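Peer 1: Provided below: work-v2.cif, containing mmCIF, C-alpha atoms and all ligand atoms.
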data_query
loop_
_atom_site.label_atom_id
_atom_site.label_comp_id
_atom_site.auth_asym_id
_atom_site.auth_seq_id
_atom_site.Cartn_x
_atom_site.Cartn_y
_atom_site.Cartn_z
CA MET A 5 115.65 104.52 155.11
CA SER A 6 113.63 107.63 154.38
CA PRO A 7 114.84 110.99 155.64
CA ASP A 8 112.85 112.45 158.50
CA GLY A 9 109.31 113.44 157.52
CA VAL A 10 109.61 112.31 153.91
CA MET A 11 108.01 109.38 152.14
CA VAL A 12 110.47 108.22 149.50
CA VAL A 13 108.89 106.58 146.46
CA ASP A 14 110.46 103.42 145.09
CA PRO A 15 110.86 104.02 141.33
CA GLY A 16 111.88 100.42 140.66
CA SER A 17 114.81 100.24 138.29
CA ALA A 18 114.13 103.67 136.76
CA PRO A 19 116.90 106.27 137.21
CA VAL A 20 114.50 108.58 139.05
CA ARG A 21 114.14 110.08 142.52
CA ALA A 22 110.71 110.82 143.91
CA ALA A 23 109.25 111.60 147.32
CA PHE A 24 106.30 113.13 149.14
CA THR A 25 106.76 115.41 152.11
CA THR A 26 104.70 115.53 155.30
CA ARG A 27 104.06 118.59 157.47
CA HIS A 28 107.18 118.10 159.59
CA PRO A 29 109.95 118.93 160.23
CA GLY A 30 110.47 122.61 159.57
CA ARG A 31 110.70 126.15 160.85
CA SER A 32 107.18 127.44 160.23
CA VAL A 33 104.88 128.08 163.18
CA GLY A 34 101.16 128.22 163.91
CA ALA A 35 98.90 126.92 161.16
CA PHE A 36 101.98 126.35 159.01
CA ALA A 37 103.88 124.23 161.53
CA SER A 38 106.27 123.21 160.68
CA GLY A 39 107.44 122.15 157.24
CA ASN A 40 105.22 124.29 155.02
CA LEU A 41 106.62 124.51 151.48
CA GLY A 42 103.97 126.77 149.95
CA SER A 43 104.87 130.40 149.32
CA ALA A 44 101.35 131.65 148.58
CA CYS A 45 99.42 130.58 151.66
CA GLY A 46 100.35 133.35 154.10
CA ASP A 47 103.41 131.89 155.80
CA ASP A 48 106.61 133.79 156.60
CA PRO A 49 108.68 133.73 153.36
CA ASP A 50 111.93 133.24 155.28
CA ALA A 51 110.54 130.14 156.97
CA VAL A 52 109.31 128.75 153.64
CA ARG A 53 112.71 129.34 152.07
CA ALA A 54 114.43 127.62 154.98
CA ASN A 55 112.06 124.67 154.73
CA ARG A 56 112.67 124.32 151.02
CA VAL A 57 116.43 124.44 151.37
CA ALA A 58 116.31 121.94 154.25
CA LEU A 59 114.21 119.59 152.13
CA SER A 60 116.61 119.82 149.21
CA SER A 61 119.45 119.00 151.54
CA ARG A 62 117.63 116.00 153.07
CA LEU A 63 116.69 114.58 149.67
CA GLY A 64 119.76 115.61 147.72
CA PHE A 65 118.49 117.88 144.97
CA ASP A 66 119.80 121.31 144.01
CA PRO A 67 117.54 124.05 145.45
CA ASP A 68 118.69 126.43 142.73
CA ARG A 69 117.37 124.05 140.08
CA ALA A 70 114.07 123.26 141.79
CA VAL A 71 110.87 124.28 140.04
CA THR A 72 107.64 125.38 141.65
CA LEU A 73 104.64 126.69 139.75
CA ASP A 74 101.90 129.21 140.35
CA GLN A 75 99.17 126.62 140.74
CA VAL A 76 95.71 127.71 139.67
CA HIS A 77 93.62 124.50 139.47
CA GLY A 78 94.01 124.56 135.70
CA SER A 79 95.23 122.09 133.11
CA ALA A 80 98.27 123.89 131.67
CA VAL A 81 101.58 122.02 131.55
CA VAL A 82 104.97 123.71 131.63
CA THR A 83 107.90 121.87 130.04
CA ILE A 84 111.27 122.80 131.49
CA GLY A 85 114.39 122.06 129.52
CA ARG A 86 114.48 119.43 126.86
CA VAL A 87 112.36 116.33 127.06
CA GLY A 88 113.56 113.06 125.60
CA GLY A 89 116.77 114.55 124.21
CA ASP A 90 120.23 114.54 125.68
CA GLY A 91 118.97 116.15 128.84
CA ALA A 92 120.80 119.44 128.44
CA PHE A 93 119.14 122.05 130.58
CA THR A 94 117.86 124.90 128.49
CA GLY A 95 115.12 126.59 130.50
CA ALA A 96 114.95 129.29 133.12
CA MET A 97 113.95 128.47 136.68
CA THR A 98 111.42 131.23 137.22
CA GLY A 99 108.57 132.88 135.40
CA PHE A 100 106.77 129.79 134.22
CA GLY A 101 103.41 131.43 134.72
CA ASP A 102 100.23 129.83 135.93
CA ALA A 103 100.30 126.06 135.57
CA ASP A 104 99.54 122.94 137.56
CA ALA A 105 101.87 120.47 135.89
CA ALA A 106 105.60 120.54 135.24
CA VAL A 107 107.52 118.18 132.98
CA THR A 108 111.24 117.88 132.37
CA GLY A 109 113.77 115.59 130.82
CA ALA A 110 116.68 117.56 132.18
CA PRO A 111 118.77 115.74 134.83
CA GLY A 112 119.12 117.63 138.09
CA VAL A 113 115.99 119.72 137.67
CA ALA A 114 113.65 118.91 140.56
CA LEU A 115 109.94 119.45 140.00
CA LEU A 116 107.73 120.23 142.98
CA ALA A 117 103.96 120.32 143.08
CA MET A 118 102.12 121.42 146.24
CA GLY A 119 98.91 120.26 147.84
CA ALA A 120 96.95 120.52 151.06
CA ASP A 121 94.17 118.01 150.20
CA CYS A 122 94.48 117.91 146.42
CA PRO A 123 96.52 114.94 145.18
CA VAL A 124 99.98 115.53 143.81
CA VAL A 125 100.78 112.96 141.15
CA LEU A 126 104.37 112.13 140.22
CA ALA A 127 105.16 110.31 136.98
CA TRP A 128 108.23 108.99 135.22
CA ASP A 129 109.22 106.43 132.62
CA ALA A 130 111.39 103.39 133.05
CA GLY A 131 114.15 104.82 130.90
CA GLY A 132 114.41 108.09 132.78
CA LEU A 133 113.58 110.20 129.74
CA ALA A 134 111.10 112.45 131.51
CA VAL A 135 109.42 113.13 134.82
CA ALA A 136 106.28 115.03 135.77
CA ALA A 137 104.84 116.61 138.92
CA VAL A 138 101.14 117.46 138.80
CA HIS A 139 98.76 119.24 141.18
CA ALA A 140 95.54 117.35 140.46
CA GLY A 141 92.55 118.86 142.22
CA TRP A 142 89.02 118.28 140.97
CA ARG A 143 89.02 121.24 138.61
CA GLY A 144 92.32 120.25 137.05
CA LEU A 145 91.22 116.64 136.80
CA ILE A 146 88.09 117.61 134.94
CA GLY A 147 90.21 119.89 132.75
CA GLY A 148 92.51 117.00 131.85
CA VAL A 149 95.72 118.12 133.57
CA LEU A 150 96.98 114.58 134.12
CA GLU A 151 96.36 113.43 130.57
CA ALA A 152 98.07 116.61 129.31
CA ALA A 153 101.11 115.94 131.50
CA VAL A 154 101.44 112.38 130.20
CA VAL A 155 101.33 113.65 126.61
CA ALA A 156 103.90 116.36 127.39
CA MET A 157 106.30 113.76 128.81
CA GLY A 158 106.47 112.19 125.39
CA SER A 159 107.60 108.86 126.81
CA PRO A 160 106.20 105.51 125.66
CA VAL A 161 103.12 105.07 127.86
CA THR A 162 103.90 101.39 128.34
CA SER A 163 107.05 102.38 130.23
CA MET A 164 105.42 105.06 132.36
CA ARG A 165 104.79 104.82 136.09
CA ALA A 166 102.82 107.12 138.36
CA VAL A 167 102.19 107.48 142.06
CA ILE A 168 99.28 109.36 143.57
CA GLY A 169 100.33 111.24 146.70
CA PRO A 170 98.56 111.96 149.99
CA HIS A 171 95.18 113.64 149.56
CA VAL A 172 91.80 114.08 151.18
CA ARG A 173 89.79 110.84 151.03
CA PRO A 174 86.03 110.44 150.65
CA CYS A 175 85.75 110.20 154.47
CA CYS A 176 86.47 113.94 154.65
CA TYR A 177 85.57 115.34 151.24
CA PRO A 178 81.86 116.02 150.81
CA VAL A 179 81.29 118.28 147.81
CA GLY A 180 78.33 119.94 146.16
CA GLN A 181 76.05 118.22 143.71
CA GLU A 182 77.52 120.15 140.78
CA VAL A 183 81.02 118.91 141.54
CA ARG A 184 79.81 115.35 141.96
CA ALA A 185 77.97 115.54 138.66
CA GLY A 186 80.94 117.02 136.82
CA ILE A 187 83.28 114.39 138.22
CA ALA A 188 80.85 111.55 137.44
CA THR A 189 80.44 112.76 133.88
CA ARG A 190 84.20 112.80 133.44
CA PHE A 191 85.29 109.68 135.36
CA GLY A 192 82.14 107.58 135.75
CA PRO A 193 79.74 107.09 138.66
CA ASP A 194 82.09 104.82 140.65
CA VAL A 195 84.30 107.72 141.77
CA VAL A 196 81.37 109.30 143.63
CA ARG A 197 81.06 107.94 147.18
CA GLY A 198 77.87 109.18 148.79
CA ALA A 199 78.23 112.94 149.12
CA SER A 200 81.96 112.76 148.43
CA VAL A 201 84.24 112.13 145.49
CA ASP A 202 87.30 109.91 145.46
CA LEU A 203 90.04 112.11 144.05
CA GLY A 204 92.54 109.25 144.00
CA ALA A 205 90.17 107.19 141.88
CA CYS A 206 89.76 110.17 139.54
CA CYS A 207 93.54 110.40 139.19
CA GLU A 208 93.69 106.70 138.45
CA GLY A 209 90.94 107.07 135.85
CA ALA A 210 92.80 109.90 134.16
CA LEU A 211 96.06 107.98 134.09
CA LEU A 212 94.34 104.90 132.67
CA ALA A 213 92.68 107.07 130.03
CA ALA A 214 96.12 108.45 129.18
CA GLY A 215 97.32 104.91 128.47
CA LEU A 216 99.01 103.73 131.67
CA SER A 217 98.25 100.20 132.80
CA PRO A 218 96.63 99.57 136.22
CA GLY A 219 99.81 97.94 137.48
CA ALA A 220 101.81 101.07 136.68
CA ILE A 221 99.81 103.24 139.08
CA ALA A 222 100.36 103.32 142.85
CA ARG A 223 98.64 105.22 145.62
CA VAL A 224 100.12 106.47 148.89
CA PRO A 225 97.77 105.53 151.76
CA GLY A 226 96.23 107.95 154.24
CA CYS A 227 93.86 110.92 154.35
CA THR A 228 95.26 114.43 154.70
CA ALA A 229 92.23 115.60 156.72
CA CYS A 230 92.15 112.60 159.08
CA ASP A 231 95.86 112.62 159.81
CA GLN A 232 96.51 115.97 161.46
CA ASP A 233 99.86 114.86 162.84
CA ARG A 234 101.30 114.22 159.39
CA PHE A 235 99.50 116.42 156.89
CA PHE A 236 98.24 119.89 156.13
CA SER A 237 94.56 119.93 155.14
CA TYR A 238 92.80 122.91 153.62
CA ARG A 239 89.40 121.44 154.47
CA ARG A 240 90.18 120.52 158.04
CA ASP A 241 92.01 123.74 158.83
CA GLY A 242 89.46 126.09 157.31
CA GLY A 243 91.76 127.35 154.59
CA GLU A 244 94.62 128.58 156.77
CA THR A 245 97.19 125.85 156.44
CA GLY A 246 100.50 124.94 154.86
CA ARG A 247 101.37 122.87 151.82
CA GLN A 248 103.10 119.52 151.50
CA ALA A 249 104.75 118.59 148.25
CA GLY A 250 105.58 115.87 145.83
CA VAL A 251 109.04 116.15 144.27
CA VAL A 252 110.53 114.21 141.39
CA TRP A 253 113.76 114.51 139.44
CA LEU A 254 116.24 112.73 137.24
CA PRO A 255 119.58 112.52 139.04
CA ALA A 256 122.40 114.35 137.29
CA ARG A 257 124.49 111.95 135.25
CA GLY A 258 128.12 111.93 135.78
ZN ZN B 301 89.56 111.47 156.12
#
Would you mind writing the file's structure down as structure tokens?
Ligand SMILES: [Zn+2]
Peer 2:
Amino acid sequence: MSPDGVMVVDPGSAPVRAAFTTRHPGRSVGAFASGNLGSACGDDPDAVRANRVALSSRLGFDPDRAVTLDQVHGSAVVTIGRVGGDGAFTGAMTGFGDADAAVTGAPGVALLAMGADCPVVLAWDAGGLAVAAVHAGWRGLIGGVLEAAVVAMGSPVTSMRAVIGPHVRPCCYPVGQEVRAGIATRFGPDVVRGASVDLGACCEGALLAAGLSPGAIARVPGCTACDQDRFFSYRRDGGETGRQAGVVWLPARG
């Protein structure tokens, strides 16, 4: 059974843990109620810290070895520790700079990516060599952040799996003509739905382009903007809102 407020991802037989959070439970109040995990959206830092520690306790990862990035809607990937080697942890946990994707092959290092409408994509390979957490908004998608993360993992693409987390669906995501045009140029006309774009379909297109097979890609159902009880939504809440997260890690061997 999933811990309260968390959607645990089934990684199949891979030695991987992965989950997506919802907006509850937690200690934050107001627009951030209650499980906000973002530290750069205006919430009380003590509440964010408490929410993060509570999440690590519910899911069973080490909060002192959990990685968050300064997300900037770019396509940079940060690799933490060694990938594809013996898993020895060699990196530092802070100061990764601006990036929207994190990759590691180090057991026990939990990668978190945040979103409040933008999809978070989690990826791993069947052998547990590497995992990735990616914040994949439209700018990052056009910039190739997902393809870059797959390359950085260094795993055989035939063994890779990915899951696209909760995000704003076309029902609630009208965008300007320039965004639609840029997305259509990059991912084809099918990802444009009327005045909206289908960010999940863009993620899928990027993952397919990176070499994953259709059967290796899953999508979590639901729309962040429609489902106010479960999700933060930047669009719906006019910018003042919290962040949910996707988290993925390789369990420590022992
Ligand atoms: Zn919607």
Peer 1: Please, which residues in chain A fall within 9 Å of ligand ZN 301 (chain B) when counting all atoms listed in the file, and what is the closest atom pair and distance in Å to one decimal for each, ordered by chain then residue number, as JSON lines?
Peer 2:
{"residue": "A:His171", "atom": "CA", "partner": "B:ZN301", "partner_atom": "ZN", "distance": 8.9}
{"residue": "A:Val172", "atom": "CA", "partner": "B:ZN301", "partner_atom": "ZN", "distance": 6.0}
{"residue": "A:Arg173", "atom": "CA", "partner": "B:ZN301", "partner_atom": "ZN", "distance": 5.1}
{"residue": "A:Pro174", "atom": "CA", "partner": "B:ZN301", "partner_atom": "ZN", "distance": 6.6}
{"residue": "A:Cys175", "atom": "CA", "partner": "B:ZN301", "partner_atom": "ZN", "distance": 4.3}
{"residue": "A:Cys176", "atom": "CA", "partner": "B:ZN301", "partner_atom": "ZN", "distance": 4.2}
{"residue": "A:Tyr177", "atom": "CA", "partner": "B:ZN301", "partner_atom": "ZN", "distance": 7.4}
{"residue": "A:Gly226", "atom": "CA", "partner": "B:ZN301", "partner_atom": "ZN", "distance": 7.8}
{"residue": "A:Cys227", "atom": "CA", "partner": "B:ZN301", "partner_atom": "ZN", "distance": 4.7}
{"residue": "A:Thr228", "atom": "CA", "partner": "B:ZN301", "partner_atom": "ZN", "distance": 6.6}
{"residue": "A:Ala229", "atom": "CA", "partner": "B:ZN301", "partner_atom": "ZN", "distance": 5.0}
{"residue": "A:Cys230", "atom": "CA", "partner": "B:ZN301", "partner_atom": "ZN", "distance": 4.1}
{"residue": "A:Asp231", "atom": "CA", "partner": "B:ZN301", "partner_atom": "ZN", "distance": 7.4}
Peer 1: Excluding stretch 48-65 of chain A and its own-chain neighbours fewer than 6 positions away, which residues fall within 12 Å of it when counting all atoms listed in the file? Please give them as a PyMOL selection string.
Peer 2: chain A and resi 5-13+20-42+71-72+111-116+118+246-256
Peer 1: So how many Å separate atom CA of A:Val107 and atom CA of A:Val124, to one decimal?
Peer 2: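 Spanning atom CA of A:Val107 to atom CA of A:Val124 is a straight-line distance of 13.5 Å.
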Peer 1: Using all atoms listed in the file for the distances, tell me which of A:Val224, A:Ala205, A:Ala120, A:Ala210 is nearest to A:Arg240.
Peer 2: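 Between A:Val224, A:Ala205, A:Ala120, A:Ala210, the residue approaching A:Arg240 most closely is A:Ala120.
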Peer 1: Which residue out of A:Ser43, A:Ser237, A:Thr108, A:Thr189 has the minimum interatomic distance to A:Ala137 when all atoms listed in the file are used?
Peer 2: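 Ranked by minimum distance to A:Ala137, first place goes to A:Thr108.
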